[in-house]
>>> print(open('data_20.pdb').read())   # PDB, C-alpha atoms and all ligand atoms
ATOM      1  CA  MET N 121       9.067  30.600 -33.956
ATOM      2  CA  ALA N 122       9.490  33.987 -34.548
ATOM      3  CA  GLY N 123       8.281  32.513 -31.374
ATOM      4  CA  SER N 124      10.092  33.206 -28.279
ATOM      5  CA  PHE N 125      11.318  36.637 -28.647
ATOM      6  CA  LEU N 126      11.154  38.998 -25.925
ATOM      7  CA  LYS N 127      11.833  42.325 -27.418
ATOM      8  CA  PHE N 128       8.168  43.215 -27.144
ATOM      9  CA  LEU N 129       7.768  42.524 -23.517
ATOM     10  CA  ARG N 130       8.073  45.055 -20.820
ATOM     11  CA  ILE N 131       7.764  43.954 -17.282
ATOM     12  CA  GLU N 132       7.191  46.017 -14.257
ATOM     13  CA  LEU N 133       7.339  44.842 -10.664
ATOM     14  CA  LEU N 134       9.651  42.186  -9.645
ATOM     15  CA  ARG N 135      11.302  40.900  -6.651
ATOM     16  CA  GLY N 136      13.809  42.711  -4.550
ATOM     17  CA  ASP N 137      16.617  40.362  -5.495
ATOM     18  CA  LEU N 138      16.540  41.557  -9.075
ATOM     19  CA  ASP N 139      18.427  44.499 -10.397
ATOM     20  CA  MET N 140      16.067  47.441 -10.686
ATOM     21  CA  THR N 141      16.576  49.594 -13.728
ATOM     22  CA  ASN N 142      14.585  51.136 -16.505
ATOM     23  CA  GLN N 143      17.405  50.977 -19.007
ATOM     24  CA  LYS N 144      17.037  48.762 -22.061
ATOM     25  CA  ARG N 145      19.945  46.382 -22.252
ATOM     26  CA  PRO N 146      21.748  45.273 -25.343
ATOM     27  CA  THR N 147      20.344  42.150 -26.863
ATOM     28  CA  LEU N 148      22.451  39.162 -26.073
ATOM     29  CA  LEU N 149      20.062  36.349 -26.475
ATOM     30  CA  SER N 150      16.639  37.156 -27.711
ATOM     31  CA  ASP N 151      14.949  34.212 -26.200
ATOM     32  CA  HIS N 152      14.002  34.216 -22.552
ATOM     33  CA  VAL N 153      16.561  36.688 -21.582
ATOM     34  CA  ASP N 154      16.900  39.891 -23.477
ATOM     35  CA  MET N 155      15.567  43.295 -22.748
ATOM     36  CA  ARG N 156      13.984  42.728 -19.428
ATOM     37  CA  ILE N 157      12.833  45.989 -18.034
ATOM     38  CA  LEU N 158      12.116  46.173 -14.382
ATOM     39  CA  ALA N 159      10.180  48.572 -12.222
ATOM     40  CA  THR N 160      11.210  52.141 -12.574
ATOM     41  CA  ASP N 161      10.076  52.825  -9.061
ATOM     42  CA  PRO N 162       9.859  49.783  -6.828
ATOM     43  CA  ALA N 163       8.102  51.892  -4.183
ATOM     44  CA  ASP N 164       5.163  52.453  -6.510
ATOM     45  CA  GLU N 165       3.151  49.504  -5.297
ATOM     46  CA  ALA N 166      -0.050  50.602  -6.996
ATOM     47  CA  ALA N 167       1.658  50.581 -10.362
ATOM     48  CA  VAL N 168       3.155  47.225  -9.544
ATOM     49  CA  ARG N 169      -0.209  45.723  -8.673
ATOM     50  CA  ASN N 170      -2.045  47.219 -11.597
ATOM     51  CA  ALA N 171       0.407  46.835 -14.393
ATOM     52  CA  ILE N 172       2.783  43.983 -13.856
ATOM     53  CA  VAL N 173       3.236  43.312 -17.509
ATOM     54  CA  GLN N 174       3.313  45.979 -20.139
ATOM     55  CA  LEU N 175       3.296  44.837 -23.713
ATOM     56  CA  ASP N 176       4.800  46.652 -26.608
ATOM     57  CA  ARG N 177       2.356  48.259 -29.053
ATOM     58  CA  ASP N 178       3.279  45.621 -31.645
ATOM     59  CA  HIS N 179       2.347  42.760 -29.345
ATOM     60  CA  PRO N 180      -0.745  40.795 -30.509
ATOM     61  CA  GLY N 181      -2.360  41.286 -27.093
ATOM     62  CA  PHE N 182      -1.547  44.966 -26.711
ATOM     63  CA  ARG N 183      -5.141  46.189 -27.109
ATOM     64  CA  ASP N 184      -6.756  43.291 -25.282
ATOM     65  CA  GLN N 185      -7.320  44.403 -21.692
ATOM     66  CA  GLU N 186      -8.602  40.982 -20.697
ATOM     67  CA  TYR N 187      -5.465  39.311 -22.019
ATOM     68  CA  ARG N 188      -3.248  41.787 -20.242
ATOM     69  CA  ALA N 189      -5.072  41.140 -16.991
ATOM     70  CA  ARG N 190      -4.503  37.399 -17.447
ATOM     71  CA  ARG N 191      -0.818  37.988 -18.090
ATOM     72  CA  ASN N 192      -0.594  40.048 -14.920
ATOM     73  CA  ALA N 193      -2.413  37.431 -12.849
ATOM     74  CA  ILE N 194      -0.122  34.644 -14.035
ATOM     75  CA  ALA N 195       3.014  36.767 -13.687
ATOM     76  CA  ARG N 196       2.003  37.485 -10.115
ATOM     77  CA  ILE N 197       2.066  33.762  -9.297
ATOM     78  CA  ALA N 198       5.668  33.560 -10.413
ATOM     79  CA  ALA N 199       6.618  36.791  -8.707
ATOM     80  CA  ASP N 200       5.439  35.378  -5.382
ATOM     81  CA  TYR N 201       7.340  32.140  -5.931
ATOM     82  CA  LYS N 202      10.495  31.389  -3.971
ATOM     83  CA  PRO N 203      12.850  28.587  -5.017
ATOM     84  CA  GLY N 204      12.141  25.444  -3.046
ATOM     85  CA  MET N 205       8.412  26.134  -2.701
ATOM     86  CA  PRO N 206       5.953  23.824  -4.478
ATOM     87  CA  ILE N 207       5.151  25.486  -7.787
ATOM     88  CA  PRO N 208       1.726  27.157  -7.455
ATOM     89  CA  VAL N 209      -1.059  26.100  -9.807
ATOM     90  CA  ALA N 210      -1.721  28.513 -12.660
ATOM     91  CA  PRO N 211      -5.512  28.634 -13.127
ATOM     92  CA  TYR N 212      -6.093  28.645 -16.887
ATOM     93  CA  THR N 213      -9.396  29.676 -18.444
ATOM     94  CA  PRO N 214     -11.414  27.369 -20.775
ATOM     95  CA  GLU N 215     -10.372  29.599 -23.688
ATOM     96  CA  GLU N 216      -6.697  29.186 -22.818
ATOM     97  CA  GLN N 217      -7.135  25.420 -22.564
ATOM     98  CA  LEU N 218      -8.788  25.438 -25.984
ATOM     99  CA  LEU N 219      -5.909  27.433 -27.430
ATOM    100  CA  TRP N 220      -3.414  24.920 -26.013
ATOM    101  CA  ARG N 221      -5.308  22.021 -27.577
ATOM    102  CA  SER N 222      -5.431  23.741 -30.913
ATOM    103  CA  ILE N 223      -1.687  24.485 -30.903
ATOM    104  CA  ARG N 224      -0.868  20.988 -29.703
ATOM    105  CA  ASP N 225      -3.053  19.461 -32.422
ATOM    106  CA  SER N 226      -1.234  21.445 -35.094
ATOM    107  CA  LEU N 227       2.215  20.655 -33.718
ATOM    108  CA  GLU N 228       1.820  16.929 -33.288
ATOM    109  CA  PRO N 229       1.860  15.928 -36.964
ATOM    110  CA  SER N 230       4.731  18.357 -37.534
ATOM    111  CA  HIS N 231       6.723  16.663 -34.805
ATOM    112  CA  GLN N 232       6.157  13.239 -36.308
ATOM    113  CA  GLN N 233       7.503  14.568 -39.576
ATOM    114  CA  HIS N 234      10.254  16.953 -38.539
ATOM    115  CA  ALA N 235      11.427  16.227 -34.965
ATOM    116  CA  CYS N 236      14.558  14.182 -34.262
ATOM    117  CA  ALA N 237      14.206  10.733 -32.733
ATOM    118  CA  GLU N 238      15.592  11.881 -29.378
ATOM    119  CA  TYR N 239      12.756  14.407 -29.067
ATOM    120  CA  LEU N 240      10.055  11.907 -30.010
ATOM    121  CA  GLU N 241      11.389   9.537 -27.338
ATOM    122  CA  CYS N 242      11.123  12.307 -24.766
ATOM    123  CA  VAL N 243       7.502  13.002 -25.744
ATOM    124  CA  LYS N 244       6.704   9.365 -25.022
ATOM    125  CA  LYS N 245       8.542   9.446 -21.709
ATOM    126  CA  LEU N 246       6.702  12.487 -20.374
ATOM    127  CA  GLU N 247       3.150  11.539 -21.418
ATOM    128  CA  LEU N 248       1.930  15.090 -21.009
ATOM    129  CA  PRO N 249      -1.826  15.688 -20.943
ATOM    130  CA  ARG N 250      -3.303  16.491 -24.331
ATOM    131  CA  ASP N 251      -6.533  18.172 -23.335
ATOM    132  CA  ARG N 252      -5.268  20.807 -20.915
ATOM    133  CA  ILE N 253      -2.219  22.947 -20.270
ATOM    134  CA  PRO N 254       0.075  20.914 -18.058
ATOM    135  CA  GLN N 255       0.975  22.588 -14.789
ATOM    136  CA  LEU N 256       4.657  23.382 -14.340
ATOM    137  CA  ARG N 257       4.726  21.360 -11.128
ATOM    138  CA  GLU N 258       3.691  18.108 -12.778
ATOM    139  CA  VAL N 259       5.987  18.637 -15.752
ATOM    140  CA  SER N 260       8.879  19.521 -13.470
ATOM    141  CA  GLU N 261       8.383  16.342 -11.444
ATOM    142  CA  LYS N 262       8.398  14.195 -14.578
ATOM    143  CA  VAL N 263      11.457  15.895 -16.063
ATOM    144  CA  HIS N 264      13.298  15.736 -12.745
ATOM    145  CA  ALA N 265      12.707  12.012 -12.489
ATOM    146  CA  VAL N 266      14.461  11.524 -15.837
ATOM    147  CA  SER N 267      17.307  14.028 -15.963
ATOM    148  CA  GLY N 268      17.399  15.817 -12.615
ATOM    149  CA  PHE N 269      16.329  19.123 -14.219
ATOM    150  CA  ARG N 270      13.685  21.214 -12.474
ATOM    151  CA  LEU N 271      11.409  23.916 -13.827
ATOM    152  CA  GLU N 272      10.787  27.098 -11.883
ATOM    153  CA  PRO N 273       8.191  29.752 -12.709
ATOM    154  CA  ILE N 274       9.328  33.189 -13.779
ATOM    155  CA  ALA N 275       7.180  36.250 -14.383
ATOM    156  CA  GLY N 276       8.915  37.178 -17.581
ATOM    157  CA  LEU N 277      12.452  37.834 -18.588
ATOM    158  CA  VAL N 278      15.667  37.650 -16.698
ATOM    159  CA  GLU N 279      19.171  38.803 -17.366
ATOM    160  CA  PRO N 280      20.988  36.510 -19.808
ATOM    161  CA  ARG N 281      23.519  35.513 -17.206
ATOM    162  CA  VAL N 282      20.838  34.713 -14.611
ATOM    163  CA  PHE N 283      18.842  32.583 -17.044
ATOM    164  CA  LEU N 284      21.851  30.725 -18.414
ATOM    165  CA  GLU N 285      23.623  30.201 -15.093
ATOM    166  CA  CYS N 286      20.477  28.592 -13.661
ATOM    167  CA  LEU N 287      20.995  25.864 -16.251
ATOM    168  CA  ALA N 288      24.236  24.908 -14.507
ATOM    169  CA  ASP N 289      22.180  24.130 -11.403
ATOM    170  CA  GLY N 290      19.681  22.073 -13.364
ATOM    171  CA  VAL N 291      17.009  24.764 -13.193
ATOM    172  CA  PHE N 292      15.053  25.999 -16.194
ATOM    173  CA  LEU N 293      13.128  29.239 -15.671
ATOM    174  CA  CYS N 294       9.683  28.982 -17.276
ATOM    175  CA  THR N 295       6.960  31.458 -18.063
ATOM    176  CA  GLN N 296       3.418  30.176 -17.488
ATOM    177  CA  TYR N 297       1.195  32.463 -19.559
ATOM    178  CA  ILE N 298      -0.046  31.436 -22.976
ATOM    179  CA  ARG N 299       0.208  33.469 -26.174
ATOM    180  CA  HIS N 300      -2.635  35.656 -27.469
ATOM    181  CA  HIS N 301      -5.486  33.701 -29.089
ATOM    182  CA  SER N 302      -5.360  35.834 -32.245
ATOM    183  CA  THR N 303      -1.951  34.377 -33.176
ATOM    184  CA  PRO N 304      -1.988  30.686 -32.237
ATOM    185  CA  GLN N 305       1.061  29.969 -34.397
ATOM    186  CA  TYR N 306       3.069  32.916 -33.211
ATOM    187  CA  THR N 307       4.289  34.434 -30.005
ATOM    188  CA  PRO N 308       6.743  37.285 -29.725
ATOM    189  CA  GLU N 309       8.106  35.867 -26.494
ATOM    190  CA  PRO N 310       8.411  32.491 -24.802
ATOM    191  CA  ASP N 311       5.072  31.258 -23.529
ATOM    192  CA  VAL N 312       3.980  28.049 -21.845
ATOM    193  CA  VAL N 313       3.817  26.319 -25.234
ATOM    194  CA  HIS N 314       7.459  27.073 -26.014
ATOM    195  CA  GLU N 315       8.575  26.297 -22.478
ATOM    196  CA  ILE N 316       6.836  22.948 -22.196
ATOM    197  CA  ILE N 317       6.601  21.587 -25.729
ATOM    198  CA  GLY N 318      10.040  22.978 -26.523
ATOM    199  CA  HIS N 319      12.313  23.087 -23.508
ATOM    200  CA  ALA N 320      10.710  20.841 -20.910
ATOM    201  CA  VAL N 321      10.336  17.953 -23.332
ATOM    202  CA  THR N 322      13.958  18.194 -24.469
ATOM    203  CA  LEU N 323      15.091  18.287 -20.839
ATOM    204  CA  ALA N 324      13.689  14.767 -20.518
ATOM    205  CA  SER N 325      16.637  13.705 -22.678
ATOM    206  CA  ASN N 326      19.662  13.014 -20.508
ATOM    207  CA  ARG N 327      21.965  14.129 -23.301
ATOM    208  CA  LEU N 328      20.144  17.397 -23.998
ATOM    209  CA  ALA N 329      19.829  18.065 -20.265
ATOM    210  CA  GLU N 330      23.584  17.561 -19.928
ATOM    211  CA  LEU N 331      24.231  20.026 -22.748
ATOM    212  CA  ASN N 332      21.973  22.590 -21.061
ATOM    213  CA  ARG N 333      23.930  22.162 -17.819
ATOM    214  CA  LEU N 334      27.210  22.526 -19.664
ATOM    215  CA  VAL N 335      25.994  25.775 -21.228
ATOM    216  CA  GLY N 336      25.271  27.072 -17.731
ATOM    217  CA  GLU N 337      28.679  25.988 -16.454
ATOM    218  CA  ALA N 338      30.403  27.584 -19.440
ATOM    219  CA  VAL N 339      28.526  30.840 -18.777
ATOM    220  CA  LYS N 340      29.732  30.767 -15.179
ATOM    221  CA  ARG N 341      33.312  30.633 -16.457
ATOM    222  CA  THR N 342      32.689  33.477 -18.902
ATOM    223  CA  ARG N 343      33.751  36.946 -17.863
ATOM    224  CA  SER N 344      33.674  39.261 -20.862
ATOM    225  CA  ALA N 345      30.500  40.535 -22.506
ATOM    226  CA  ASP N 346      31.882  39.556 -25.903
ATOM    227  CA  ALA N 347      32.493  35.965 -24.821
ATOM    228  CA  LEU N 348      29.018  35.788 -23.255
ATOM    229  CA  GLU N 349      27.515  36.993 -26.502
ATOM    230  CA  ARG N 350      29.402  34.357 -28.489
ATOM    231  CA  LEU N 351      28.281  31.641 -26.103
ATOM    232  CA  SER N 352      24.710  32.922 -26.320
ATOM    233  CA  ARG N 353      24.854  32.561 -30.091
ATOM    234  CA  VAL N 354      26.005  28.958 -29.702
ATOM    235  CA  TYR N 355      23.018  28.361 -27.423
ATOM    236  CA  TRP N 356      20.785  29.966 -30.019
ATOM    237  CA  PHE N 357      22.011  27.870 -32.946
ATOM    238  CA  THR N 358      21.934  24.606 -30.982
ATOM    239  CA  ILE N 359      19.535  24.371 -28.036
ATOM    240  CA  GLU N 360      17.070  26.788 -29.642
ATOM    241  CA  PHE N 361      17.492  26.239 -33.374
ATOM    242  CA  GLY N 362      19.558  23.104 -33.815
ATOM    243  CA  VAL N 363      19.016  20.576 -36.614
ATOM    244  CA  VAL N 364      20.640  17.231 -37.395
ATOM    245  CA  ARG N 365      20.564  14.705 -40.206
ATOM    246  CA  GLU N 366      18.731  11.455 -39.607
ATOM    247  CA  ASN N 367      18.497   8.895 -42.392
ATOM    248  CA  GLY N 368      19.224  11.600 -44.925
ATOM    249  CA  GLU N 369      16.550  13.978 -43.637
ATOM    250  CA  ILE N 370      16.815  17.186 -41.651
ATOM    251  CA  LYS N 371      15.323  16.863 -38.186
ATOM    252  CA  ALA N 372      14.961  19.389 -35.384
ATOM    253  CA  TYR N 373      16.188  19.211 -31.809
ATOM    254  CA  GLY N 374      16.021  22.997 -31.254
ATOM    255  CA  THR N 375      13.209  24.138 -28.997
ATOM    256  CA  GLY N 376      12.392  27.209 -31.084
ATOM    257  CA  LEU N 377      11.748  24.995 -34.071
ATOM    258  CA  LEU N 378       9.896  22.340 -32.089
ATOM    259  CA  SER N 379       7.399  24.826 -30.710
ATOM    260  CA  SER N 380       6.445  26.266 -34.106
ATOM    261  CA  ALA N 381       4.762  24.204 -36.807
ATOM    262  CA  GLY N 382       5.444  26.992 -39.305
ATOM    263  CA  GLU N 383       9.135  27.144 -38.603
ATOM    264  CA  LEU N 384       9.440  23.339 -38.686
ATOM    265  CA  GLU N 385       8.141  23.440 -42.252
ATOM    266  CA  GLU N 386      10.348  26.370 -43.157
ATOM    267  CA  MET N 387      13.575  24.759 -41.903
ATOM    268  CA  HIS N 388      13.701  22.609 -45.054
ATOM    269  CA  ARG N 389      14.063  25.715 -47.181
ATOM    270  CA  VAL N 390      16.792  27.530 -45.284
ATOM    271  CA  GLU N 391      20.538  27.655 -45.810
ATOM    272  CA  LEU N 392      22.213  24.840 -43.903
ATOM    273  CA  ARG N 393      25.784  25.273 -42.723
ATOM    274  CA  ARG N 394      28.099  22.632 -41.411
ATOM    275  CA  PHE N 395      28.140  22.220 -37.653
ATOM    276  CA  ASP N 396      30.993  24.596 -36.871
ATOM    277  CA  LEU N 397      30.439  26.084 -33.439
ATOM    278  CA  GLU N 398      33.164  28.700 -33.801
ATOM    279  CA  MET N 399      31.312  29.951 -36.850
ATOM    280  CA  ALA N 400      27.993  29.778 -34.988
ATOM    281  CA  SER N 401      29.439  31.850 -32.149
ATOM    282  CA  ARG N 402      30.116  34.653 -34.626
ATOM    283  CA  GLN N 403      26.909  34.402 -36.617
ATOM    284  CA  ASN N 404      24.379  37.160 -36.021
ATOM    285  CA  TYR N 405      20.676  36.390 -36.172
ATOM    286  CA  ASP N 406      17.377  38.203 -36.289
ATOM    287  CA  PRO N 407      15.060  36.759 -33.654
ATOM    288  CA  THR N 408      11.959  38.402 -35.096
ATOM    289  CA  LYS N 409      11.914  36.345 -38.292
ATOM    290  CA  TYR N 410      12.084  32.719 -39.269
ATOM    291  CA  GLN N 411      15.738  31.779 -39.210
ATOM    292  CA  PRO N 412      17.249  31.909 -42.710
ATOM    293  CA  LEU N 413      20.258  29.754 -41.811
ATOM    294  CA  LEU N 414      20.837  26.876 -39.446
ATOM    295  CA  PHE N 415      23.863  24.836 -38.407
ATOM    296  CA  CYS N 416      23.290  21.171 -39.156
ATOM    297  CA  ALA N 417      25.201  18.277 -37.553
ATOM    298  CA  GLU N 418      25.640  14.989 -39.398
ATOM    299  CA  SER N 419      23.791  13.121 -36.640
ATOM    300  CA  PHE N 420      22.365  13.687 -33.174
ATOM    301  CA  GLU N 421      25.342  11.836 -31.715
ATOM    302  CA  ALA N 422      27.802  14.017 -33.647
ATOM    303  CA  MET N 423      25.997  17.137 -32.430
ATOM    304  CA  TYR N 424      26.065  15.878 -28.832
ATOM    305  CA  GLN N 425      29.765  15.008 -28.864
ATOM    306  CA  THR N 426      30.849  18.189 -30.652
ATOM    307  CA  LEU N 427      28.788  20.579 -28.546
ATOM    308  CA  ARG N 428      29.711  18.774 -25.323
ATOM    309  CA  GLU N 429      33.414  19.025 -26.110
ATOM    310  CA  PHE N 430      33.073  22.671 -27.152
ATOM    311  CA  LEU N 431      31.323  23.608 -23.904
ATOM    312  CA  ILE N 432      33.706  21.665 -21.672
ATOM    313  CA  ARG N 433      36.689  23.366 -23.293
ATOM    314  CA  TRP N 434      35.082  26.815 -23.266
ATOM    315  CA  ARG N 435      37.206  29.377 -21.377
TER     316      ARG N 435
HETATM  317 FE    FE L 501      13.638  28.983 -25.720
END
>>> encode(input="data_20.pdb", output="structure tokens")
Amino acid sequence: MAGSFLKFLRIELLRGDLDMTNQKRPTLLSDHVDMRILATDPADEAAVRNAIVQLDRDHPGFRDQEYRARRNAIARIAADYKPGMPIPVAPYTPEEQLLWRSIRDSLEPSHQQHACAEYLECVKKLELPRDRIPQLREVSEKVHAVSGFRLEPIAGLVEPRVFLECLADGVFLCTQYIRHHSTPQYTPEPDVVHEIIGHAVTLASNRLAELNRLVGEAVKRTRSADALERLSRVYWFTIEFGVVRENGEIKAYGTGLLSSAGELEEMHRVELRRFDLEMASRQNYDPTKYQPLLFCAESFEAMYQTLREFLIRWR
């Protein structure tokens, strides 16, 4: 995906419980969590109301005022959300529903060809609607019934530690907006397609849900910035961009791959390295491009056992 990368997103507003700063932070994990920029002046309510989400000039929707207004409206829903409340309905437009259908139609054959068996089982379990964007509430209820994981709406990006530690509590923070219509196969940051078709579906696997929880628990035990960065890279090369062998073929279980038909095709042409998580924790990556190297386990089971052990032993 060059998919879920957040370096383009600038968010203003946000709730009082979040750290307020206008300083860019070093990139730790460029999916969901990096470079969140919060209100420079929380007292400036007019600015907050009128410009919740600012997009970088490179963002596909930068010049589209209508799109930016939609992003603001949907971000506002999440900003008003408090944990424990029923998740509010995000009212999508007919054009957004059409975009979802088009992306889903292009992804489905790719999944049949390139997704691991565990993922395809999860798709069957969830039975998500095909003709409209599923609401987070209904997806959360279905996922929770299987693995105990819940989804919660988030306006945009959160600190790496906040995002990852929520996983320990069985909570996945989800954006609800959809990508710009001009780039149906690309989004520079996580959108509802990546969150649902990628993460939510995989969280309907008890084994993948357990691994997500273990990541969160490992983050809670992590003190140094260097160790957090290494753990973030492990998350990147497994939960986001993991591949395994199945019957001699390379199959994806990583959510970044599973939410991008283009990157699913491309993964057969990249350098594959053996599933060495110490190596993965030291491997840099460029989130703005298709990944040129991936760490491949010999089977889903081998990946599960190795990553589980690694996370449990992480100190
Ligand atoms: Fe992601």
>>> closest_residue(input="data_20.pdb", among="N:Arg350, N:His314, N:Lys371, N:Arg365", to="ligand FE 501 (chain L)", atoms="only C-alpha atoms and all ligand atoms")
N:His314
>>> resolve_selection(input="data_20.pdb", expression="the PyMOL selection byres (((chain N and resi 240) around 12) and not hetatm)", output="list in words")
Glu228, Pro229, Ser230, His231, Gln232, Gln233, His234, Ala235, Cys236, Ala237, Glu238, Tyr239, Glu241, Cys242, Val243, Lys244, Lys245, Leu246, Glu247, Ile317, Gly318, Val321, Thr322, Ala324, Ser325, Lys371, Ala372, Tyr373 and Leu378 of chain N
>>> resolve_selection(input="data_20.pdb", expression="the PyMOL selection byres (((chain N and resi 187-197) around 7) and not hetatm)", output="list in words")
Ala171, Ile172, Val173, Gly181, Asp184, Gln185, Glu186, Ala198, Ala199, Asp200, Tyr201, Pro208, Ala210, Ala275, Gln296 and Tyr297 of chain N
>>> write_last_selection(input="data_20.pdb", atoms="C-alpha atoms", output="compact mmCIF listing (two decimals), in the coordinates of the input")
# COMPACT_ATOMS: atom_id res chain seq x y z
CA ALA N 171 0.41 46.84 -14.39
CA ILE N 172 2.78 43.98 -13.86
CA VAL N 173 3.24 43.31 -17.51
CA GLY N 181 -2.36 41.29 -27.09
CA ASP N 184 -6.76 43.29 -25.28
CA GLN N 185 -7.32 44.40 -21.69
CA GLU N 186 -8.60 40.98 -20.70
CA ALA N 198 5.67 33.56 -10.41
CA ALA N 199 6.62 36.79 -8.71
CA ASP N 200 5.44 35.38 -5.38
CA TYR N 201 7.34 32.14 -5.93
CA PRO N 208 1.73 27.16 -7.46
CA ALA N 210 -1.72 28.51 -12.66
CA ALA N 275 7.18 36.25 -14.38
CA GLN N 296 3.42 30.18 -17.49
CA TYR N 297 1.20 32.46 -19.56
>>> closest_residue(input="data_20.pdb", among="N:Gln255, N:Asn332, N:Asn367, N:Thr295", to="Gly268 in chain N", atoms="all atoms listed in the file")
N:Asn332
>>> closest_residue(input="data_20.pdb", among="N:Ile359, N:Leu227, N:Leu323, N:Ala422", to="Ala265 in chain N", atoms="all atoms listed in the file")
N:Leu323
>>> residues_around(input="data_20.pdb", residues="Leu334 in chain N", least_positions_apart="5", cutoff="9 Å", atoms="only C-alpha atoms", output="list in words")
Leu287, Ala288, Ala329, Val339, Arg428, Leu431 and Ile432 of chain N
>>> atom_distance(input="data_20.pdb", atom1="CA of Cys294 in chain N", atom2="CA of Ile207 in chain N")
11.1 Å
>>> build_atoms(input="data_20.pdb", residues="range 212-226 of chain N", atoms="N, CA and C atoms", output="mmCIF file, in the coordinates of the input")
data_model
loop_
_atom_site.group_PDB
_atom_site.id
_atom_site.type_symbol
_atom_site.label_atom_id
_atom_site.label_comp_id
_atom_site.auth_asym_id
_atom_site.auth_seq_id
_atom_site.Cartn_x
_atom_site.Cartn_y
_atom_site.Cartn_z
ATOM 1 N N TYR N 212 -5.848 28.246 -15.500
ATOM 2 C CA TYR N 212 -6.093 28.645 -16.887
ATOM 3 C C TYR N 212 -7.597 28.671 -17.182
ATOM 4 N N THR N 213 -7.986 29.557 -18.060
ATOM 5 C CA THR N 213 -9.396 29.676 -18.444
ATOM 6 C C THR N 213 -9.738 28.622 -19.509
ATOM 7 N N PRO N 214 -11.038 28.316 -19.712
ATOM 8 C CA PRO N 214 -11.414 27.369 -20.775
ATOM 9 C C PRO N 214 -10.890 27.808 -22.140
ATOM 10 N N GLU N 215 -10.862 29.111 -22.392
ATOM 11 C CA GLU N 215 -10.372 29.599 -23.688
ATOM 12 C C GLU N 215 -8.874 29.309 -23.838
ATOM 13 N N GLU N 216 -8.141 29.470 -22.758
ATOM 14 C CA GLU N 216 -6.697 29.186 -22.818
ATOM 15 C C GLU N 216 -6.450 27.693 -23.027
ATOM 16 N N GLN N 217 -7.279 26.876 -22.381
ATOM 17 C CA GLN N 217 -7.135 25.420 -22.564
ATOM 18 C C GLN N 217 -7.433 25.041 -24.018
ATOM 19 N N LEU N 218 -8.420 25.704 -24.580
ATOM 20 C CA LEU N 218 -8.788 25.438 -25.984
ATOM 21 C C LEU N 218 -7.636 25.832 -26.922
ATOM 22 N N LEU N 219 -7.032 26.961 -26.618
ATOM 23 C CA LEU N 219 -5.909 27.433 -27.430
ATOM 24 C C LEU N 219 -4.753 26.431 -27.364
ATOM 25 N N TRP N 220 -4.467 25.943 -26.177
ATOM 26 C CA TRP N 220 -3.414 24.920 -26.013
ATOM 27 C C TRP N 220 -3.701 23.695 -26.884
ATOM 28 N N ARG N 221 -4.947 23.226 -26.807
ATOM 29 C CA ARG N 221 -5.308 22.021 -27.577
ATOM 30 C C ARG N 221 -5.131 22.261 -29.071
ATOM 31 N N SER N 222 -5.532 23.441 -29.489
ATOM 32 C CA SER N 222 -5.431 23.741 -30.913
ATOM 33 C C SER N 222 -3.968 23.792 -31.362
ATOM 34 N N ILE N 223 -3.115 24.407 -30.552
ATOM 35 C CA ILE N 223 -1.687 24.485 -30.903
ATOM 36 C C ILE N 223 -1.077 23.088 -30.866
ATOM 37 N N ARG N 224 -1.432 22.347 -29.839
ATOM 38 C CA ARG N 224 -0.868 20.988 -29.703
ATOM 39 C C ARG N 224 -1.296 20.120 -30.892
ATOM 40 N N ASP N 225 -2.563 20.260 -31.291
ATOM 41 C CA ASP N 225 -3.053 19.461 -32.422
ATOM 42 C C ASP N 225 -2.300 19.805 -33.711
ATOM 43 N N SER N 226 -1.943 21.078 -33.859
ATOM 44 C CA SER N 226 -1.234 21.445 -35.094
ATOM 45 C C SER N 226 0.236 21.044 -35.031
#
